[in-house]
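Engineer: Take a look at input-v9.txt, compact mmCIF, C-alpha atoms:
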# COMPACT_ATOMS: atom_id res chain seq x y z
CA MET C 1 58.16 248.23 -148.91
CA SER C 2 55.48 245.67 -148.09
CA HIS C 3 54.17 244.59 -144.69
CA ASP C 4 55.53 241.12 -145.55
CA SER C 5 59.05 242.55 -145.75
CA LEU C 6 58.70 244.29 -142.38
CA ILE C 7 57.23 241.18 -140.77
CA GLU C 8 60.17 239.13 -142.06
CA LEU C 9 62.60 241.74 -140.74
CA LEU C 10 61.06 241.75 -137.25
CA ASP C 11 60.96 237.97 -137.07
CA LEU C 12 64.59 237.72 -138.22
CA ASP C 13 65.67 240.40 -135.74
CA ALA C 14 64.38 238.27 -132.87
CA GLU C 15 65.90 235.07 -134.28
CA VAL C 16 69.34 236.48 -135.05
CA LEU C 17 69.59 238.53 -131.83
CA ASP C 18 68.28 235.64 -129.75
CA ASP C 19 70.78 236.07 -126.90
CA TYR C 20 69.77 239.69 -126.42
CA VAL C 21 66.06 238.87 -126.61
CA HIS C 22 66.44 235.96 -124.17
CA ASP C 23 68.33 238.14 -121.70
CA LEU C 24 65.82 240.99 -121.96
CA ILE C 25 62.67 238.86 -121.68
CA GLY C 26 64.19 236.84 -118.86
CA TRP C 27 64.93 240.03 -116.94
CA VAL C 28 61.34 241.27 -117.43
CA GLY C 29 60.10 237.92 -116.18
CA ARG C 30 62.13 238.21 -113.00
CA GLU C 31 60.92 241.76 -112.35
CA ALA C 32 57.24 241.21 -113.16
CA ALA C 33 54.51 240.54 -110.63
CA GLU C 34 53.08 237.03 -110.40
CA ARG C 35 50.51 236.25 -113.13
CA PRO C 36 50.69 239.76 -114.63
CA HIS C 37 48.68 241.38 -117.37
CA VAL C 38 51.37 242.48 -119.85
CA VAL C 39 50.78 245.06 -122.60
CA ASP C 40 53.15 244.91 -125.59
CA LEU C 41 53.09 248.36 -127.21
CA GLY C 42 53.73 248.45 -130.94
CA ALA C 43 53.79 244.68 -130.91
CA GLY C 44 54.60 244.32 -134.61
CA SER C 45 54.97 240.70 -135.71
CA GLY C 46 54.53 239.46 -132.15
CA THR C 47 57.97 238.14 -131.26
CA ALA C 48 57.96 239.88 -127.87
CA SER C 49 54.34 238.99 -127.12
CA LEU C 50 55.05 235.32 -127.71
CA ALA C 51 58.32 235.42 -125.75
CA LEU C 52 56.65 237.17 -122.80
CA ALA C 53 53.80 234.65 -122.75
CA ARG C 54 56.32 231.77 -122.72
CA GLN C 55 58.52 233.39 -120.06
CA LEU C 56 55.53 234.14 -117.80
CA PRO C 57 53.28 231.06 -117.90
CA GLY C 58 50.64 232.72 -115.72
CA ALA C 59 50.55 235.97 -117.70
CA THR C 60 48.00 237.32 -120.14
CA VAL C 61 49.37 239.51 -122.94
CA THR C 62 47.64 242.32 -124.82
CA ALA C 63 49.43 243.12 -128.08
CA VAL C 64 48.73 246.65 -129.31
CA ASP C 65 49.50 247.78 -132.86
CA GLN C 66 47.85 249.90 -135.54
CA SER C 67 48.60 247.50 -138.40
CA PRO C 68 45.85 244.95 -139.10
CA GLU C 69 48.36 242.91 -141.12
CA MET C 70 50.77 242.72 -138.21
CA LEU C 71 48.02 241.77 -135.77
CA ALA C 72 46.71 239.05 -138.09
CA HIS C 73 50.23 237.60 -138.37
CA LEU C 74 50.58 237.77 -134.59
CA ARG C 75 47.29 235.95 -133.99
CA ALA C 76 48.28 233.22 -136.42
CA ARG C 77 51.61 232.75 -134.62
CA ALA C 78 49.92 232.69 -131.21
CA ASP C 79 47.44 230.07 -132.44
CA ALA C 80 50.22 227.92 -133.91
CA ALA C 81 52.14 228.16 -130.62
CA GLY C 82 49.10 227.16 -128.54
CA LEU C 83 49.00 230.60 -126.89
CA ALA C 84 45.88 232.07 -128.47
CA ASP C 85 43.95 231.87 -125.21
CA ARG C 86 46.54 234.06 -123.45
CA ILE C 87 47.34 236.65 -126.13
CA ARG C 88 44.75 239.12 -127.38
CA THR C 89 45.28 241.87 -129.92
CA VAL C 90 44.11 245.49 -129.91
CA ASP C 91 44.18 247.68 -133.02
CA ALA C 92 45.00 251.19 -131.76
CA ASP C 93 46.87 254.34 -132.74
CA LEU C 94 48.99 255.19 -129.71
CA ASP C 95 49.27 258.83 -130.82
CA ARG C 96 45.57 259.14 -129.97
CA PRO C 97 43.97 258.61 -126.53
CA TRP C 98 44.80 255.06 -125.50
CA PRO C 99 42.02 252.48 -125.28
CA ASP C 100 41.04 251.06 -121.90
CA LEU C 101 43.48 248.18 -121.46
CA GLY C 102 42.19 247.09 -118.06
CA PRO C 103 44.44 246.57 -115.02
CA VAL C 104 48.05 246.37 -116.26
CA GLU C 105 51.13 245.21 -114.33
CA VAL C 106 53.75 245.41 -117.12
CA ILE C 107 54.04 247.61 -120.20
CA PHE C 108 56.72 246.50 -122.68
CA ALA C 109 57.75 248.61 -125.69
CA ALA C 110 60.52 247.34 -127.98
CA ALA C 111 61.67 249.67 -130.78
CA SER C 112 58.22 251.26 -130.92
CA MET C 113 58.31 254.38 -128.74
CA HIS C 114 60.52 256.33 -131.16
CA HIS C 115 57.69 256.19 -133.71
CA LEU C 116 55.24 258.08 -131.48
CA ALA C 117 54.67 261.78 -132.11
CA ASP C 118 55.00 262.98 -128.50
CA PRO C 119 57.42 260.95 -126.34
CA ALA C 120 56.50 262.70 -123.10
CA ALA C 121 52.78 262.15 -123.68
CA ALA C 122 53.36 258.47 -124.52
CA VAL C 123 55.30 257.83 -121.30
CA ALA C 124 52.65 259.70 -119.30
CA SER C 125 49.96 257.51 -120.89
CA ALA C 126 51.94 254.42 -119.88
CA PHE C 127 52.15 255.72 -116.31
CA ARG C 128 48.37 256.20 -116.15
CA ALA C 129 47.72 252.76 -117.63
CA LEU C 130 49.84 250.91 -115.06
CA ARG C 131 48.64 249.82 -111.65
CA PRO C 132 50.64 251.07 -108.64
CA GLY C 133 53.83 249.00 -108.51
CA GLY C 134 53.60 248.31 -112.23
CA LEU C 135 56.65 248.12 -114.49
CA LEU C 136 57.42 249.99 -117.72
CA VAL C 137 60.19 248.64 -119.97
CA ILE C 138 61.36 250.59 -123.04
CA ALA C 139 63.90 248.92 -125.35
CA GLU C 140 65.30 251.07 -128.16
CA LEU C 141 67.95 250.98 -130.87
CA GLU C 142 71.07 253.03 -130.32
CA SER C 143 72.35 251.99 -133.73
CA PHE C 144 70.84 250.13 -136.65
CA PRO C 145 72.57 246.86 -137.54
CA ARG C 146 75.74 247.04 -139.57
CA PHE C 147 77.01 244.02 -141.46
CA LEU C 148 80.08 245.12 -143.42
CA THR C 149 82.45 246.45 -140.75
CA GLY C 150 86.05 245.86 -141.76
CA THR C 151 85.16 244.96 -145.36
CA PRO C 152 85.70 246.88 -148.62
CA ASP C 153 81.99 247.79 -148.60
CA GLU C 154 81.97 249.40 -145.14
CA GLU C 155 82.10 252.94 -146.56
CA LEU C 156 79.06 252.37 -148.80
CA GLU C 157 77.08 250.90 -145.91
CA SER C 158 78.04 253.87 -143.69
CA ARG C 159 76.95 256.29 -146.41
CA GLY C 160 73.56 254.61 -146.59
CA HIS C 161 73.15 254.70 -142.81
CA ALA C 162 74.01 258.40 -142.68
CA GLU C 163 71.35 259.27 -145.24
CA ALA C 164 68.81 256.95 -143.60
CA ALA C 165 69.43 258.71 -140.26
CA LYS C 166 68.72 262.09 -141.90
CA ARG C 167 65.53 260.68 -143.36
CA ARG C 168 64.33 259.42 -139.97
CA HIS C 169 65.10 262.79 -138.38
CA GLU C 170 63.16 264.64 -141.06
CA ALA C 171 60.24 262.25 -140.55
CA GLY C 172 60.10 263.23 -136.88
CA MET C 173 61.22 259.94 -135.38
CA HIS C 174 62.51 260.27 -131.83
CA MET C 175 65.74 258.34 -132.08
CA HIS C 176 68.09 258.71 -129.09
CA GLU C 177 65.34 260.17 -126.91
CA PRO C 178 66.30 260.45 -123.20
CA TRP C 179 63.75 257.85 -122.17
CA GLY C 180 65.00 257.57 -118.61
CA HIS C 181 64.47 261.30 -118.12
CA ARG C 182 61.03 261.09 -119.72
CA MET C 183 60.10 258.32 -117.30
CA GLU C 184 61.22 260.32 -114.28
CA GLN C 185 59.26 263.35 -115.55
CA ALA C 186 56.13 261.19 -115.78
CA GLY C 187 56.50 260.05 -112.16
CA PHE C 188 58.25 256.70 -112.52
CA THR C 189 60.63 255.69 -109.76
CA ALA C 190 63.59 253.28 -109.58
CA VAL C 191 64.44 254.13 -113.20
CA THR C 192 67.32 252.00 -114.48
CA GLU C 193 69.23 251.76 -117.75
CA ARG C 194 70.95 248.76 -119.35
CA HIS C 195 73.10 248.81 -122.48
CA PHE C 196 73.55 245.87 -124.85
CA ASP C 197 76.49 245.87 -127.30
CA ILE C 198 75.78 243.15 -129.87
CA ASP C 199 78.67 241.83 -131.97
CA LEU C 200 78.17 238.63 -133.95
CA ARG C 201 81.32 237.59 -135.81
CA PRO C 202 81.60 235.57 -139.02
CA PRO C 203 80.73 233.05 -140.16
CA LEU C 204 77.06 233.96 -139.76
CA SER C 205 74.06 231.66 -139.87
CA ALA C 206 71.82 231.57 -142.93
CA ALA C 207 69.18 233.51 -140.95
CA ALA C 208 71.72 236.24 -140.14
CA VAL C 209 72.72 236.56 -143.79
CA ARG C 210 69.06 236.87 -144.75
CA TYR C 211 68.69 239.46 -141.98
CA ALA C 212 71.48 241.47 -143.60
CA GLN C 213 69.76 241.25 -146.97
CA VAL C 214 66.41 242.41 -145.63
CA CYS C 215 67.89 245.22 -143.50
CA LEU C 216 70.08 246.61 -146.27
CA GLY C 217 67.34 246.13 -148.87
CA ARG C 218 64.87 248.13 -146.79
CA MET C 219 67.48 250.83 -146.18
CA ARG C 220 68.22 251.11 -149.90
CA HIS C 221 64.49 251.36 -150.70
CA GLY C 222 64.21 254.65 -148.78
CA LEU C 223 67.23 256.32 -150.38
CA GLN C 224 66.23 256.70 -154.03
CA GLU C 225 66.31 260.49 -153.86
CA ARG C 226 69.33 260.69 -151.53
CA LEU C 227 72.03 258.62 -153.19
CA SER C 228 73.49 258.92 -156.65
CA PRO C 229 72.51 256.40 -159.36
CA ARG C 230 76.01 254.94 -159.06
CA GLU C 231 75.63 254.48 -155.30
CA LEU C 232 72.16 252.96 -155.67
CA ALA C 233 73.43 250.50 -158.28
CA ALA C 234 76.32 249.57 -156.00
CA LEU C 235 73.91 248.96 -153.11
CA ASP C 236 71.70 246.78 -155.31
CA GLU C 237 74.72 244.72 -156.33
CA LEU C 238 75.88 244.52 -152.73
CA VAL C 239 72.53 243.24 -151.42
CA GLU C 240 72.27 240.68 -154.22
CA GLY C 241 75.73 239.35 -153.48
CA LEU C 242 75.41 238.92 -149.72
CA PRO C 243 74.63 235.16 -149.71
CA GLY C 244 77.86 233.20 -149.57
CA ARG C 245 80.00 236.05 -148.31
CA PRO C 246 82.30 234.85 -145.49
CA ASP C 247 83.05 238.31 -144.06
CA LEU C 248 79.64 239.48 -142.80
CA SER C 249 79.11 240.38 -139.15
CA VAL C 250 76.23 241.85 -137.13
CA ARG C 251 76.94 244.87 -134.96
CA THR C 252 74.28 246.91 -133.23
CA GLU C 253 73.49 248.50 -129.88
CA ARG C 254 70.30 248.45 -127.83
CA THR C 255 69.46 250.32 -124.63
CA VAL C 256 66.72 249.32 -122.19
CA TRP C 257 65.13 251.54 -119.55
CA SER C 258 62.79 250.38 -116.80
CA GLY C 259 60.84 252.15 -114.11
CA ARG C 260 57.97 251.57 -111.72
CA ARG C 261 54.82 253.42 -110.86
CA ALA C 262 55.23 253.83 -107.12
CA VAL C 263 52.80 252.00 -104.85
CA HIS C 264 52.64 255.07 -102.58
CA PRO C 265 53.03 258.36 -104.44
CA THR C 266 55.64 260.68 -102.98
CA ALA C 267 54.43 263.94 -101.47
Could you write out this structure as structure tokens?
Structural biologist:
Amino acid sequence: MSHDSLIELLDLDAEVLDDYVHDLIGWVGREAAERPHVVDLGAGSGTASLALARQLPGATVTAVDQSPEMLAHLRARADAAGLADRIRTVDADLDRPWPDLGPVEVIFAAASMHHLADPAAAVASAFRALRPGGLLVIAELESFPRFLTGTPDEELESRGHAEAAKRRHEAGMHMHEPWGHRMEQAGFTAVTERHFDIDLRPPLSAAAVRYAQVCLGRMRHGLQERLSPRELAALDELVEGLPGRPDLSVRTERTVWSGRRAVHPTA
């Protein structure tokens, strides 16, 4: 599907899951050094970059992504928000040697690390990029959003999720990676883990209903060769009929790991 569809999905994710985002960004703000240089890895549409810049008024943010379309969207949002002087963008493939990002106090990666080819190498690169005392935060999905729990369509949604999970595994995505262990292997200390169980009950906002449409529409797009024609037709009808449904909910889980590069390396 198009970059526009993914941009809309990422923007809606931040809007609909606002409580989670607010909690996460606020926690990073409390843990960060004063006036830090923050690097947002796999910045996507820029929701985290903008939120970090707002939460940390003295911070500068470097948003790293390999999509020119995403970075252009991010720059436009930063300009509209009056933050263009504090947010810069870097076009880079993080599966290759990382560019010189300068002195970095915080590295933030939300739902981006599972895309990288070598998780251990990516965490090691983050360790090298951080200054002593610097903070790495990795936020990942434990489950993709589900919207039809407890409804007659729950089984069809679950079937689509099961096939989508197989597709991601075959594509080499590192879902459910032990990121805390990877961080400790790379030399990070004070590694912590926080779990967020998100459960938004009906009635949902218009933005949340649109979020359901975009999520399920993108899921269906990747399953043409995995579901039967009958199942695909049922998914198409389901997505089309989501607006106006009173029984939709949003259920998903996110896990966040953090760790520091020690000021004084252990012997």
Engineer: Between C:Ala190, C:Ala92, C:Val209, C:Leu141, which residue has the minimum interatomic distance to Ser67 (chain C), considering all atoms listed in the file?
Structural biologist: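 Looking only at the distances to Ser67 (chain C), the closest residue turns out to be C:Ala92.
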Engineer: Hey, which bits of region 48-129 of chain C sit within 12 Å of region 164-181 of chain C, and for each residue what's the closest pair of atoms and how far apart in Å (one decimal), counting only C-alpha atoms, rows by chain and increasing number, as CSV?
Structural biologist:
residue,atom,partner,partner_atom,distance
C:Ala109,CA,C:Trp179,CA,11.6
C:Ala111,CA,C:Met175,CA,9.7
C:Ser112,CA,C:His174,CA,10.0
C:Met113,CA,C:His174,CA,7.9
C:His114,CA,C:His174,CA,4.5
C:His115,CA,C:Met173,CA,5.4
C:Leu116,CA,C:Met173,CA,7.4
C:Ala117,CA,C:Gly172,CA,7.4
C:Asp118,CA,C:His174,CA,8.7
C:Pro119,CA,C:His174,CA,7.5
C:Ala120,CA,C:Trp179,CA,8.8
C:Ala121,CA,C:Trp179,CA,11.9
C:Ala122,CA,C:Trp179,CA,10.7
C:Val123,CA,C:Trp179,CA,8.5
C:Ala124,CA,C:Trp179,CA,11.6
Engineer: In Å, rounded to a single decimal, give me how far CA of Ala63 (chain C) is from CA of Gly29 (chain C).
Structural biologist: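 Going from CA of Gly29 (chain C) over to CA of Ala63 (chain C), I get 16.8 Å.
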Engineer: Using only C-alpha atoms, list the residues that have an atom at most 12 Å from (61.8, 237.1, -141.8), coordinates as in the file, as an mmCIF file with C-alpha atoms, keeping the file's coordinate frame.
Structural biologist:
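Generated file (selection05.cif):
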data_model
loop_
_atom_site.group_PDB
_atom_site.id
_atom_site.type_symbol
_atom_site.label_atom_id
_atom_site.label_comp_id
_atom_site.auth_asym_id
_atom_site.auth_seq_id
_atom_site.Cartn_x
_atom_site.Cartn_y
_atom_site.Cartn_z
ATOM 1 C CA HIS C 3 54.170 244.590 -144.690
ATOM 2 C CA ASP C 4 55.530 241.120 -145.550
ATOM 3 C CA SER C 5 59.050 242.550 -145.750
ATOM 4 C CA LEU C 6 58.700 244.290 -142.380
ATOM 5 C CA ILE C 7 57.230 241.180 -140.770
ATOM 6 C CA GLU C 8 60.170 239.130 -142.060
ATOM 7 C CA LEU C 9 62.600 241.740 -140.740
ATOM 8 C CA LEU C 10 61.060 241.750 -137.250
ATOM 9 C CA ASP C 11 60.960 237.970 -137.070
ATOM 10 C CA LEU C 12 64.590 237.720 -138.220
ATOM 11 C CA ASP C 13 65.670 240.400 -135.740
ATOM 12 C CA ALA C 14 64.380 238.270 -132.870
ATOM 13 C CA GLU C 15 65.900 235.070 -134.280
ATOM 14 C CA VAL C 16 69.340 236.480 -135.050
ATOM 15 C CA SER C 45 54.970 240.700 -135.710
ATOM 16 C CA THR C 47 57.970 238.140 -131.260
ATOM 17 C CA ALA C 206 71.820 231.570 -142.930
ATOM 18 C CA ALA C 207 69.180 233.510 -140.950
ATOM 19 C CA ALA C 208 71.720 236.240 -140.140
ATOM 20 C CA VAL C 209 72.720 236.560 -143.790
ATOM 21 C CA ARG C 210 69.060 236.870 -144.750
ATOM 22 C CA TYR C 211 68.690 239.460 -141.980
ATOM 23 C CA ALA C 212 71.480 241.470 -143.600
ATOM 24 C CA GLN C 213 69.760 241.250 -146.970
ATOM 25 C CA VAL C 214 66.410 242.410 -145.630
ATOM 26 C CA CYS C 215 67.890 245.220 -143.500
#
Engineer: Using all atoms listed in the file, which residue out of C:Val263, C:Ala72, C:Leu204, C:Val256 lies closest to Gly244 (chain C)?
Structural biologist: C:Leu204
Engineer: So how many Å separate CA of Ala80 (chain C) and CA of Pro99 (chain C), to one decimal?
Structural biologist: 27.3 Å
Engineer: Quick one: distance from CA of Ala59 (chain C) to CA of Trp257 (chain C) in Å, one decimal?
Structural biologist: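 Separation of CA of Ala59 (chain C) and CA of Trp257 (chain C): 21.4 Å.
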Engineer: Please determine, counting only C-alpha atoms, which residue among C:Ala139, C:Ala262, C:Leu71, C:Leu148 has the shortest atom-to-atom distance to Asp91 (chain C).
Structural biologist: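 Selected residue with least distance to Asp91 (chain C): C:Leu71.
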Engineer: Just give me the residues with any atom within 10 Å of (53.5, 247.9, -116.3), file coordinates, counting all atoms listed in the file, written as a list of chain:residue names.
Structural biologist: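 Output of the proximity query reads C:Ala32, C:Ala33, C:Pro36, C:His37, C:Val38, C:Val39, C:Asp40, C:Pro103, C:Val104, C:Glu105, C:Val106, C:Ile107, C:Phe108, C:Ala126, C:Phe127, C:Arg128, C:Ala129, C:Leu130, C:Arg131, C:Pro132, C:Gly133, C:Gly134, C:Leu135, C:Leu136, C:Val137, C:Ser258, C:Gly259, C:Arg260, C:Arg261.
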Engineer: Under the rule that only C-alpha atoms are counted, which of C:Leu101, C:Leu238, C:Val191, C:Leu227 is the nearest residue to Glu154 (chain C)?
Structural biologist: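 Of C:Leu101, C:Leu238, C:Val191, C:Leu227, the one nearest Glu154 (chain C) is C:Leu238, counting only C-alpha atoms.
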Engineer: Compare C:Asp247, C:Asp100, C:Glu253, C:Asp93 by their minimum atom-to-atom distance to Pro145 (chain C), counting only C-alpha atoms, and give me the closest one.
Structural biologist: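 Ranking C:Asp247, C:Asp100, C:Glu253, C:Asp93 by distance to Pro145 (chain C), first place goes to C:Glu253.
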Engineer: Tell me which of C:Leu248, C:Ile25, C:Ile198, C:Leu17 sits closest to Thr151 (chain C), counting only C-alpha atoms.
Structural biologist: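 Nearest to Thr151 (chain C): C:Leu248.
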Engineer: Edge lengths and centre, in Å to one decimal, as lines of an AutoDock Vina configuration file: that's what I need for the box along x, y and z that holds all listed atoms of region 19-33 of chain C plus 4 Å on each side.
Structural biologist:
center_x = 62.6
center_y = 238.9
center_z = -118.8
size_x = 24.3
size_y = 13.8
size_z = 24.3
Engineer: Near Arg88 (chain C), within 8 Å and counting all atoms listed in the file, which residues show up once chain neighbours fewer than 3 positions away are dropped, as number ranges by chain?
Structural biologist: C: 61-63, 75, 84-85
Engineer: Do you know which residues are at most 7 Å from Thr255 (chain C) counting all atoms listed in the file, after dropping those on the same chain fewer than 4 positions away, and could you put them as a list in words?
Structural biologist: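 Counting only the stated atoms, we get Ala139, Glu140, Leu141, Glu142, Arg194, His195 and Phe196 of chain C.
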